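For reference, model34.pdb (PDB, C-alpha atoms, pLDDT in the B column):
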ATOM      1  CA  ARG A  16     -99.499 -85.803-105.715  1.00 62.00           C
ATOM      2  CA  GLU A  17    -100.803 -82.254-105.591  1.00 70.00           C
ATOM      3  CA  ALA A  18     -99.660 -79.632-108.063  1.00 76.00           C
ATOM      4  CA  GLY A  19     -96.456 -77.854-107.119  1.00 78.00           C
ATOM      5  CA  TRP A  20     -94.762 -80.779-105.353  1.00 78.00           C
ATOM      6  CA  GLN A  21     -91.818 -80.698-107.750  1.00 80.00           C
ATOM      7  CA  ASP A  22     -91.158 -77.038-106.971  1.00 84.00           C
ATOM      8  CA  ALA A  23     -91.395 -77.793-103.244  1.00 83.00           C
ATOM      9  CA  MET A  24     -88.863 -80.606-103.524  1.00 81.00           C
ATOM     10  CA  LYS A  25     -86.465 -78.393-105.478  1.00 82.00           C
ATOM     11  CA  ALA A  26     -86.751 -75.703-102.803  1.00 84.00           C
ATOM     12  CA  LEU A  27     -85.962 -78.253-100.098  1.00 81.00           C
ATOM     13  CA  PHE A  28     -82.913 -79.650-101.839  1.00 78.00           C
ATOM     14  CA  PRO A  29     -80.360 -77.017-100.684  1.00 76.00           C
ATOM     15  CA  HIS A  30     -81.380 -77.754 -97.088  1.00 76.00           C
ATOM     16  CA  ALA A  31     -81.233 -81.558 -97.345  1.00 75.00           C
ATOM     17  CA  GLY A  32     -77.640 -81.799 -96.131  1.00 71.00           C
ATOM     18  CA  SER A  33     -75.833 -85.130 -96.262  1.00 78.00           C
ATOM     19  CA  ALA A  34     -78.203 -87.464 -94.449  1.00 87.00           C
ATOM     20  CA  ARG A  35     -77.474 -91.182 -94.676  1.00 90.00           C
ATOM     21  CA  VAL A  36     -80.427 -93.359 -95.615  1.00 92.00           C
ATOM     22  CA  ILE A  37     -80.521 -96.867 -94.135  1.00 94.00           C
ATOM     23  CA  GLY A  38     -83.069 -99.349 -95.447  1.00 94.00           C
ATOM     24  CA  ILE A  39     -84.295-102.078 -93.098  1.00 95.00           C
ATOM     25  CA  THR A  40     -86.075-104.877 -94.916  1.00 92.00           C
ATOM     26  CA  GLY A  41     -86.963-108.533 -94.511  1.00 90.00           C
ATOM     27  CA  PRO A  42     -89.885-110.957 -94.386  1.00 88.00           C
ATOM     28  CA  PRO A  43     -93.031-110.413 -92.299  1.00 88.00           C
ATOM     29  CA  GLY A  44     -92.541-111.277 -88.649  1.00 87.00           C
ATOM     30  CA  ALA A  45     -88.781-110.745 -88.633  1.00 91.00           C
ATOM     31  CA  GLY A  46     -89.069-108.038 -85.957  1.00 92.00           C
ATOM     32  CA  LYS A  47     -88.112-105.102 -88.173  1.00 93.00           C
ATOM     33  CA  SER A  48     -90.164-102.539 -86.239  1.00 92.00           C
ATOM     34  CA  SER A  49     -88.839-103.553 -82.830  1.00 93.00           C
ATOM     35  CA  LEU A  50     -85.306-103.649 -84.214  1.00 95.00           C
ATOM     36  CA  THR A  51     -85.751-100.217 -85.812  1.00 95.00           C
ATOM     37  CA  SER A  52     -86.819 -98.841 -82.429  1.00 95.00           C
ATOM     38  CA  CYS A  53     -83.707-100.302 -80.760  1.00 96.00           C
ATOM     39  CA  ILE A  54     -81.434 -98.979 -83.508  1.00 97.00           C
ATOM     40  CA  THR A  55     -82.982 -95.550 -83.098  1.00 97.00           C
ATOM     41  CA  SER A  56     -82.314 -95.510 -79.354  1.00 96.00           C
ATOM     42  CA  SER A  57     -78.675 -96.423 -79.975  1.00 97.00           C
ATOM     43  CA  LEU A  58     -78.287 -93.750 -82.663  1.00 96.00           C
ATOM     44  CA  VAL A  59     -79.834 -91.057 -80.464  1.00 96.00           C
ATOM     45  CA  ALA A  60     -77.456 -92.007 -77.655  1.00 96.00           C
ATOM     46  CA  ARG A  61     -74.619 -91.392 -80.132  1.00 95.00           C
ATOM     47  CA  GLY A  62     -75.878 -87.888 -80.849  1.00 95.00           C
ATOM     48  CA  HIS A  63     -77.777 -88.462 -84.091  1.00 95.00           C
ATOM     49  CA  ARG A  64     -81.110 -86.984 -85.135  1.00 96.00           C
ATOM     50  CA  VAL A  65     -83.136 -89.800 -86.636  1.00 97.00           C
ATOM     51  CA  GLY A  66     -86.011 -89.731 -89.085  1.00 96.00           C
ATOM     52  CA  ILE A  67     -88.010 -92.940 -89.519  1.00 95.00           C
ATOM     53  CA  ILE A  68     -90.199 -93.873 -92.457  1.00 94.00           C
ATOM     54  CA  ALA A  69     -92.307 -96.875 -91.436  1.00 91.00           C
ATOM     55  CA  VAL A  70     -94.192 -98.506 -94.287  1.00 89.00           C
ATOM     56  CA  ASP A  71     -97.248-100.708 -93.753  1.00 84.00           C
ATOM     57  CA  PRO A  72     -99.332-102.602 -96.330  1.00 81.00           C
ATOM     58  CA  THR A  73    -102.456-101.115 -97.818  1.00 76.00           C
ATOM     59  CA  SER A  74    -105.505-103.374 -97.893  1.00 74.00           C
ATOM     60  CA  PRO A  75    -106.452-104.304-101.474  1.00 63.00           C
ATOM     61  CA  PHE A  76    -110.073-104.497-100.322  1.00 65.00           C
ATOM     62  CA  SER A  77    -110.711-101.443 -98.152  1.00 67.00           C
ATOM     63  CA  GLY A  78    -107.799 -99.279 -99.285  1.00 65.00           C
ATOM     64  CA  GLY A  79    -106.904 -98.612 -95.646  1.00 66.00           C
ATOM     65  CA  ALA A  80    -103.793 -99.381 -93.602  1.00 67.00           C
ATOM     66  CA  LEU A  81    -103.324-100.048 -89.897  1.00 68.00           C
ATOM     67  CA  LEU A  82     -99.926 -98.261 -89.679  1.00 67.00           C
ATOM     68  CA  GLY A  83     -99.132-100.580 -86.792  1.00 67.00           C
ATOM     69  CA  ASP A  84     -95.354-100.316 -87.114  1.00 64.00           C
ATOM     70  CA  ARG A  85     -95.542 -96.944 -85.376  1.00 69.00           C
ATOM     71  CA  LEU A  86     -97.223 -98.605 -82.383  1.00 74.00           C
ATOM     72  CA  ARG A  87     -94.246-100.928 -81.973  1.00 78.00           C
ATOM     73  CA  MET A  88     -91.935 -97.909 -81.808  1.00 88.00           C
ATOM     74  CA  HIS A  89     -93.666 -96.267 -78.857  1.00 86.00           C
ATOM     75  CA  ALA A  90     -90.408 -96.341 -76.871  1.00 88.00           C
ATOM     76  CA  VAL A  91     -88.835 -93.756 -79.203  1.00 93.00           C
ATOM     77  CA  ALA A  92     -91.948 -92.013 -80.529  1.00 89.00           C
ATOM     78  CA  THR A  93     -91.572 -89.071 -78.128  1.00 90.00           C
ATOM     79  CA  THR A  94     -87.766 -89.023 -77.978  1.00 94.00           C
ATOM     80  CA  PRO A  95     -86.314 -85.579 -78.808  1.00 95.00           C
ATOM     81  CA  GLY A  96     -84.598 -85.627 -82.179  1.00 94.00           C
ATOM     82  CA  VAL A  97     -86.739 -88.497 -83.525  1.00 96.00           C
ATOM     83  CA  PHE A  98     -89.551 -88.104 -86.048  1.00 95.00           C
ATOM     84  CA  ILE A  99     -91.626 -91.047 -87.284  1.00 93.00           C
ATOM     85  CA  ARG A 100     -93.595 -90.837 -90.526  1.00 91.00           C
ATOM     86  CA  SER A 101     -95.940 -93.759 -91.098  1.00 88.00           C
ATOM     87  CA  MET A 102     -96.828 -94.466 -94.716  1.00 87.00           C
ATOM     88  CA  ALA A 103     -98.937 -97.025 -96.528  1.00 82.00           C
ATOM     89  CA  THR A 104     -97.774 -98.848 -99.637  1.00 82.00           C
ATOM     90  CA  ARG A 105    -100.809 -97.493-101.513  1.00 74.00           C
ATOM     91  CA  GLY A 106    -100.785-100.512-103.792  1.00 69.00           C
ATOM     92  CA  THR A 107     -97.133-100.175-104.767  1.00 72.00           C
ATOM     93  CA  LEU A 108     -95.176-103.410-104.962  1.00 70.00           C
ATOM     94  CA  GLY A 109     -91.577-103.811-103.843  1.00 70.00           C
ATOM     95  CA  GLY A 110     -91.908-102.969-100.140  1.00 67.00           C
ATOM     96  CA  LEU A 111     -92.025 -99.164-100.401  1.00 79.00           C
ATOM     97  CA  CYS A 112     -94.535 -96.542-101.409  1.00 75.00           C
ATOM     98  CA  GLN A 113     -93.662 -94.168-104.239  1.00 71.00           C
ATOM     99  CA  GLY A 114     -93.319 -91.172-101.933  1.00 82.00           C
ATOM    100  CA  ALA A 115     -90.745 -92.694 -99.545  1.00 86.00           C
ATOM    101  CA  ARG A 116     -87.748 -91.117-101.268  1.00 85.00           C
ATOM    102  CA  ASP A 117     -89.355 -87.680-101.247  1.00 87.00           C
ATOM    103  CA  VAL A 118     -90.207 -88.029 -97.549  1.00 90.00           C
ATOM    104  CA  ALA A 119     -86.579 -89.003 -96.880  1.00 91.00           C
ATOM    105  CA  ARG A 120     -85.521 -85.768 -98.575  1.00 89.00           C
ATOM    106  CA  ILE A 121     -87.947 -83.777 -96.418  1.00 92.00           C
ATOM    107  CA  LEU A 122     -86.690 -85.387 -93.207  1.00 93.00           C
ATOM    108  CA  ALA A 123     -83.106 -84.624 -94.234  1.00 92.00           C
ATOM    109  CA  ALA A 124     -84.029 -80.993 -94.855  1.00 92.00           C
ATOM    110  CA  ALA A 125     -85.594 -80.914 -91.381  1.00 92.00           C
ATOM    111  CA  GLY A 126     -82.197 -81.678 -89.859  1.00 92.00           C
ATOM    112  CA  HIS A 127     -82.219 -85.461 -89.418  1.00 95.00           C
ATOM    113  CA  ASP A 128     -78.784 -86.810 -90.269  1.00 93.00           C
ATOM    114  CA  ILE A 129     -79.846 -90.467 -90.404  1.00 95.00           C
ATOM    115  CA  ILE A 130     -83.029 -91.677 -92.094  1.00 95.00           C
ATOM    116  CA  LEU A 131     -84.277 -95.202 -91.393  1.00 96.00           C
ATOM    117  CA  ILE A 132     -86.686 -96.680 -93.931  1.00 95.00           C
ATOM    118  CA  GLU A 133     -88.454 -99.760 -92.620  1.00 93.00           C
ATOM    119  CA  THR A 134     -90.144-101.553 -95.489  1.00 90.00           C
ATOM    120  CA  VAL A 135     -93.297-103.574 -95.401  1.00 86.00           C
ATOM    121  CA  GLY A 136     -92.689-107.307 -94.964  1.00 82.00           C
ATOM    122  CA  VAL A 137     -91.236-108.429 -98.276  1.00 82.00           C
ATOM    123  CA  GLY A 138     -90.785-111.583-100.319  1.00 76.00           C
ATOM    124  CA  GLN A 139     -87.822-112.858-102.254  1.00 75.00           C
ATOM    125  CA  ASP A 140     -87.984-110.447-105.200  1.00 74.00           C
ATOM    126  CA  GLU A 141     -89.282-107.252-103.580  1.00 79.00           C
ATOM    127  CA  ILE A 142     -86.125-105.151-103.492  1.00 82.00           C
ATOM    128  CA  GLU A 143     -87.318-101.601-104.180  1.00 84.00           C
ATOM    129  CA  VAL A 144     -85.454-100.401-101.079  1.00 88.00           C
ATOM    130  CA  VAL A 145     -82.125-100.560-102.940  1.00 85.00           C
ATOM    131  CA  LYS A 146     -83.245 -97.513-104.929  1.00 82.00           C
ATOM    132  CA  ALA A 147     -83.840 -95.446-101.803  1.00 84.00           C
ATOM    133  CA  ALA A 148     -81.080 -96.386 -99.358  1.00 88.00           C
ATOM    134  CA  ASP A 149     -77.342 -95.892 -99.041  1.00 87.00           C
ATOM    135  CA  LEU A 150     -77.140 -98.986 -96.879  1.00 91.00           C
ATOM    136  CA  VAL A 151     -79.478-101.991 -96.857  1.00 92.00           C
ATOM    137  CA  VAL A 152     -79.964-104.141 -93.745  1.00 95.00           C
ATOM    138  CA  VAL A 153     -81.687-107.457 -94.468  1.00 93.00           C
ATOM    139  CA  VAL A 154     -83.323-108.875 -91.339  1.00 94.00           C
ATOM    140  CA  CYS A 155     -83.752-112.650 -91.182  1.00 92.00           C
ATOM    141  CA  VAL A 156     -85.314-114.799 -88.487  1.00 92.00           C
ATOM    142  CA  PRO A 157     -84.907-118.475 -87.587  1.00 91.00           C
ATOM    143  CA  GLY A 158     -87.637-120.917 -88.504  1.00 82.00           C
ATOM    144  CA  GLN A 159     -88.784-119.481 -91.828  1.00 74.00           C
ATOM    145  CA  GLY A 160     -87.344-122.006 -94.243  1.00 66.00           C
ATOM    146  CA  ASP A 161     -84.447-124.356 -94.835  1.00 59.00           C
ATOM    147  CA  SER A 162     -80.948-123.596 -96.058  1.00 55.00           C
ATOM    148  CA  VAL A 163     -82.120-123.548 -99.684  1.00 56.00           C
ATOM    149  CA  GLN A 164     -83.906-120.255 -98.974  1.00 62.00           C
ATOM    150  CA  THR A 165     -80.563-118.537 -98.383  1.00 60.00           C
ATOM    151  CA  LEU A 166     -79.362-119.551-101.845  1.00 54.00           C
ATOM    152  CA  LYS A 167     -82.246-117.994-103.750  1.00 62.00           C
ATOM    153  CA  ALA A 168     -81.724-114.821-105.751  1.00 62.00           C
ATOM    154  CA  GLY A 169     -83.420-111.554-104.839  1.00 76.00           C
ATOM    155  CA  ILE A 170     -83.501-110.100-101.365  1.00 82.00           C
ATOM    156  CA  MET A 171     -80.484-112.104-100.185  1.00 83.00           C
ATOM    157  CA  GLU A 172     -78.379-110.373-102.855  1.00 82.00           C
ATOM    158  CA  ILE A 173     -79.030-106.782-101.792  1.00 86.00           C
ATOM    159  CA  ALA A 174     -77.740-106.835 -98.208  1.00 89.00           C
ATOM    160  CA  ASP A 175     -74.921-104.604 -97.030  1.00 90.00           C
ATOM    161  CA  LEU A 176     -75.548-106.110 -93.593  1.00 93.00           C
ATOM    162  CA  PHE A 177     -77.336-109.314 -92.647  1.00 94.00           C
ATOM    163  CA  VAL A 178     -79.063-109.408 -89.264  1.00 96.00           C
ATOM    164  CA  VAL A 179     -80.384-112.606 -87.728  1.00 96.00           C
ATOM    165  CA  ASN A 180     -82.951-111.213 -85.307  1.00 96.00           C
ATOM    166  CA  LYS A 181     -84.636-113.173 -82.510  1.00 95.00           C
ATOM    167  CA  ALA A 182     -81.257-114.834 -82.023  1.00 95.00           C
ATOM    168  CA  ASP A 183     -82.443-116.315 -78.720  1.00 95.00           C
ATOM    169  CA  ARG A 184     -84.541-118.796 -80.698  1.00 93.00           C
ATOM    170  CA  ASP A 185     -83.428-122.269 -81.666  1.00 93.00           C
ATOM    171  CA  GLY A 186     -81.921-122.355 -85.114  1.00 91.00           C
ATOM    172  CA  ALA A 187     -80.301-118.903 -85.047  1.00 93.00           C
ATOM    173  CA  ASP A 188     -76.755-120.248 -85.226  1.00 94.00           C
ATOM    174  CA  ALA A 189     -77.742-122.588 -88.043  1.00 92.00           C
ATOM    175  CA  LEU A 190     -79.232-119.668 -89.987  1.00 91.00           C
ATOM    176  CA  VAL A 191     -76.021-117.657 -89.550  1.00 93.00           C
ATOM    177  CA  ALA A 192     -74.071-120.647 -90.860  1.00 92.00           C
ATOM    178  CA  ASP A 193     -76.429-120.967 -93.847  1.00 90.00           C
ATOM    179  CA  ILE A 194     -76.015-117.304 -94.767  1.00 91.00           C
ATOM    180  CA  ARG A 195     -72.234-117.554 -94.544  1.00 90.00           C
ATOM    181  CA  SER A 196     -72.296-120.684 -96.691  1.00 88.00           C
ATOM    182  CA  MET A 197     -74.370-118.810 -99.255  1.00 85.00           C
ATOM    183  CA  GLN A 198     -71.841-115.980 -99.183  1.00 86.00           C
ATOM    184  CA  ALA A 199     -68.957-118.378 -99.745  1.00 84.00           C
ATOM    185  CA  LEU A 200     -70.665-119.595-102.927  1.00 79.00           C
ATOM    186  CA  THR A 201     -71.549-116.155-104.262  1.00 72.00           C
ATOM    187  CA  ALA A 202     -68.603-113.988-103.115  1.00 69.00           C
ATOM    188  CA  GLY A 203     -67.068-111.799-105.796  1.00 60.00           C
ATOM    189  CA  GLU A 204     -63.517-111.877-107.042  1.00 52.00           C
ATOM    190  CA  ARG A 205     -62.246-110.072-103.948  1.00 54.00           C
ATOM    191  CA  GLY A 206     -64.001-112.540-101.677  1.00 63.00           C
ATOM    192  CA  GLU A 207     -65.572-109.783 -99.579  1.00 74.00           C
ATOM    193  CA  THR A 208     -68.954-110.408 -98.003  1.00 84.00           C
ATOM    194  CA  ALA A 209     -71.549-108.544 -95.970  1.00 89.00           C
ATOM    195  CA  PRO A 210     -71.235-108.904 -92.174  1.00 92.00           C
ATOM    196  CA  VAL A 211     -73.693-111.299 -90.524  1.00 95.00           C
ATOM    197  CA  LEU A 212     -74.796-110.185 -87.055  1.00 96.00           C
ATOM    198  CA  GLU A 213     -77.105-111.640 -84.418  1.00 97.00           C
ATOM    199  CA  THR A 214     -79.573-109.474 -82.489  1.00 97.00           C
ATOM    200  CA  CYS A 215     -82.525-109.782 -80.156  1.00 97.00           C
ATOM    201  CA  ALA A 216     -84.704-106.677 -80.311  1.00 94.00           C
ATOM    202  CA  LEU A 217     -86.597-107.590 -77.149  1.00 92.00           C
ATOM    203  CA  THR A 218     -83.454-107.522 -75.006  1.00 95.00           C
ATOM    204  CA  GLY A 219     -81.285-105.185 -77.078  1.00 95.00           C
ATOM    205  CA  HIS A 220     -78.658-107.884 -77.555  1.00 96.00           C
ATOM    206  CA  GLY A 221     -76.346-107.103 -80.483  1.00 97.00           C
ATOM    207  CA  VAL A 222     -77.971-103.767 -81.396  1.00 97.00           C
ATOM    208  CA  ASP A 223     -74.962-101.610 -80.518  1.00 97.00           C
ATOM    209  CA  ALA A 224     -72.742-103.915 -82.585  1.00 96.00           C
ATOM    210  CA  LEU A 225     -75.182-103.537 -85.482  1.00 96.00           C
ATOM    211  CA  VAL A 226     -75.105 -99.747 -85.257  1.00 96.00           C
ATOM    212  CA  GLU A 227     -71.306 -99.756 -85.134  1.00 95.00           C
ATOM    213  CA  ALA A 228     -71.191-101.986 -88.214  1.00 93.00           C
ATOM    214  CA  ALA A 229     -73.616 -99.676 -90.030  1.00 92.00           C
ATOM    215  CA  GLU A 230     -71.459 -96.670 -89.172  1.00 88.00           C
ATOM    216  CA  ARG A 231     -68.387 -98.429 -90.577  1.00 84.00           C
ATOM    217  CA  CYS A 232     -70.131 -99.682 -93.699  1.00 78.00           C
ATOM    218  CA  GLY A 233     -70.865 -97.412 -96.616  1.00 55.00           C
ATOM    219  CA  VAL A 234     -69.513 -94.174 -95.127  1.00 50.00           C
ATOM    220  CA  PRO A 235     -69.067 -91.976 -98.219  1.00 45.00           C
ATOM    221  CA  ALA A 236     -66.128 -90.048 -96.784  1.00 38.00           C
ATOM    222  CA  THR A 237     -63.978 -93.149 -96.327  1.00 37.00           C
ATOM    223  CA  ARG A 238     -65.522 -95.652 -98.765  1.00 39.00           C
ATOM    224  CA  ARG A 239     -64.932 -98.464 -96.315  1.00 40.00           C
ATOM    225  CA  CYS A 240     -67.829-100.621 -97.424  1.00 44.00           C
ATOM    226  CA  PHE A 241     -67.069-103.537 -99.738  1.00 42.00           C
ATOM    227  CA  ARG A 242     -70.174-102.524-101.711  1.00 48.00           C
ATOM    228  CA  SER A 243     -69.059 -98.912-102.226  1.00 49.00           C
ATOM    229  CA  ALA A 244     -68.853 -99.375-106.005  1.00 53.00           C
ATOM    230  CA  LYS A 245     -72.425-100.675-106.053  1.00 54.00           C
ATOM    231  CA  ILE A 246     -73.530 -97.797-103.852  1.00 53.00           C
ATOM    232  CA  ARG A 247     -72.061 -95.312-106.332  1.00 55.00           C
ATOM    233  CA  GLN A 248     -73.831 -97.120-109.176  1.00 58.00           C
ATOM    234  CA  ARG A 249     -77.073 -96.922-107.190  1.00 54.00           C
ATOM    235  CA  ARG A 250     -76.716 -93.172-106.796  1.00 56.00           C
ATOM    236  CA  LEU A 251     -76.118 -92.700-110.511  1.00 59.00           C
ATOM    237  CA  ARG A 252     -79.365 -94.549-111.217  1.00 57.00           C
ATOM    238  CA  TRP A 253     -81.252 -92.459-108.639  1.00 53.00           C
ATOM    239  CA  ARG A 254     -79.921 -89.205-110.091  1.00 56.00           C
ATOM    240  CA  SER A 255     -80.928 -90.275-113.581  1.00 60.00           C
ATOM    241  CA  ALA A 256     -84.426 -91.166-112.351  1.00 55.00           C
ATOM    242  CA  ASP A 257     -84.724 -87.903-110.372  1.00 56.00           C
ATOM    243  CA  SER A 258     -83.585 -85.924-113.397  1.00 58.00           C
ATOM    244  CA  ARG A 259     -86.356 -87.444-115.501  1.00 55.00           C
ATOM    245  CA  ARG A 260     -88.839 -86.486-112.770  1.00 53.00           C
ATOM    246  CA  GLY A 261     -87.485 -82.935-112.639  1.00 55.00           C
ATOM    247  CA  VAL A 262     -86.340 -83.283-108.995  1.00 50.00           C
ATOM    248  CA  GLU A 263     -82.877 -82.690-107.581  1.00 49.00           C
ATOM    249  CA  PRO A 264     -81.400 -85.917-106.104  1.00 48.00           C
ATOM    250  CA  LEU A 265     -81.251 -86.366-102.351  1.00 46.00           C
ATOM    251  CA  ASP A 266     -77.556 -87.211-102.330  1.00 45.00           C
ATOM    252  CA  GLN A 267     -74.993 -85.352-104.422  1.00 43.00           C
ATOM    253  CA  ARG A 268     -71.997 -86.984-102.797  1.00 37.00           C
TER     254      ARG A 268
END

Can you turn what I pasted into structure tokens?
Amino acid sequence: REAGWQDAMKALFPHAGSARVIGITGPPGAGKSSLTSCITSSLVARGHRVGIIAVDPTSPFSGGALLGDRLRMHAVATTPGVFIRSMATRGTLGGLCQGARDVARILAAAGHDIILIETVGVGQDEIEVVKAADLVVVVCVPGQGDSVQTLKAGIMEIADLFVVNKADRDGADALVADIRSMQALTAGERGETAPVLETCALTGHGVDALVEAAERCGVPATRRCFRSAKIRQRRLRWRSADSRRGVEPLDQR
């Protein structure tokens, strides 16, 4: 980072408003980019201004990145009220680059009330997105493993919403059943679990239902999300980390 970035971030903080940050993560090939584009269209239709941070992997050999996720979002790239910022991981593990949280703050200051962070395709233990998002959507896809995969710790534990994308494929219903079985085994004392939704980004099937679920889940004003206590704990950790960096936190709610 160039000198003076901390002062710039502090100056932006009073203008950051109360943007909600939604993380969209999942394995490679799950259709995260196409789904992000569909979600954006639905949010814009509901009157939101949407900022998108699309993260692509950096080559360990050339140091370059294709930034191809932006190409998959061509349908919303020129939509008024939408701004897409492509970023490379720059060698950072966990699915996000180090600057993603700062870019989210900048987009919020620019007047975007919802920020979507689409991570690079992640594995089972790459969960950095939980440090940057108010709400985490884990995108799964049929045909990428047996039911044992849904029982493994890591990414399956961070979801506020599960989305089985490409639900027109064989095995989608079985995957939904596997996730719900996993939830039955790992539910907390209150027995509350994250919603499991089916979508098809190519046709738009289930996207409006996903957006409605996201609007209901984790709304700070009403605390309707079953993970609201974890969300508050998340924010305390972010504020502590931001304080050590000398930067005001994005969310003071």

Problem set entry | Neighbours of point (-94.7, -93.2, -91.0) within 7 Å, using only C-alpha atoms, written as a PyMOL selection string | chain A and resi 67-70+85+99-102

For this session: Measure the distance from atom CA of A:Cys215 to atom CA of A:Lys181 in Å and round it to one decimal.
Result: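 Atom CA of A:Cys215 sits 4.6 Å away from atom CA of A:Lys181.
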
Exercise. Within 9 Å of A:Leu225, counting all atoms listed in the file, which residues qualify if same-chain residues fewer than 6 places away don't, as a list in words?
Worked result: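 Contacts, in chain order: Ile54, Leu176, Val178, Leu212, Glu213 and Thr214 of chain A.
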
Problem set entry | Among listed residues A:Thr208, A:Ala216, A:Ala199, A:Ala31, nearest A:Ala123 (using only C-alpha atoms) |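 Under the stated criterion, the closest residue is A:Ala31.
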
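Closest to A:Pro29 among A:Asp185, A:Glu141, A:Ala125, A:Gly219 is A:Ala125, based on all atoms listed in the file.
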
For this session: Kindly provide, as number ranges by chain, the polymer residues lying within 12 Å of (-93.6, -109.5, -88.5), counting only C-alpha atoms and using the coordinates exactly as they appear in the file.
Result: A: 40-50, 71-72, 83-84, 87, 133-137, 154-156, 159, 180-181

Problem set entry | Length of the atom CA of A:Ala229 to atom CA of A:Gly158 vector [Å] |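 About the pair atom CA of A:Ala229 and atom CA of A:Gly158: they are 25.5 Å apart.
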
Problem set entry | the PyMOL selection byres ((chain A and resi 173) around 9) applied to the shown file, residues as a ChimeraX atom specification | /A:142,145,151-153,169-172,174-176

For this session: Quick one: pull the distance between atom CA of A:Ala147 and atom CA of A:Gly126, Å, one decimal.
Result: 18.3 Å

Exercise. Could you pull the residues within 10 Å of A:Thr55, counting all atoms listed in the file, minus those fewer than 4 positions along the same chain, as a count of residues only?
Worked result: 22

Problem set entry | Proximity to A:Val144 - best of A:Gly38, A:Met24, A:Cys53, A:Glu207, only C-alpha atoms | A:Gly38
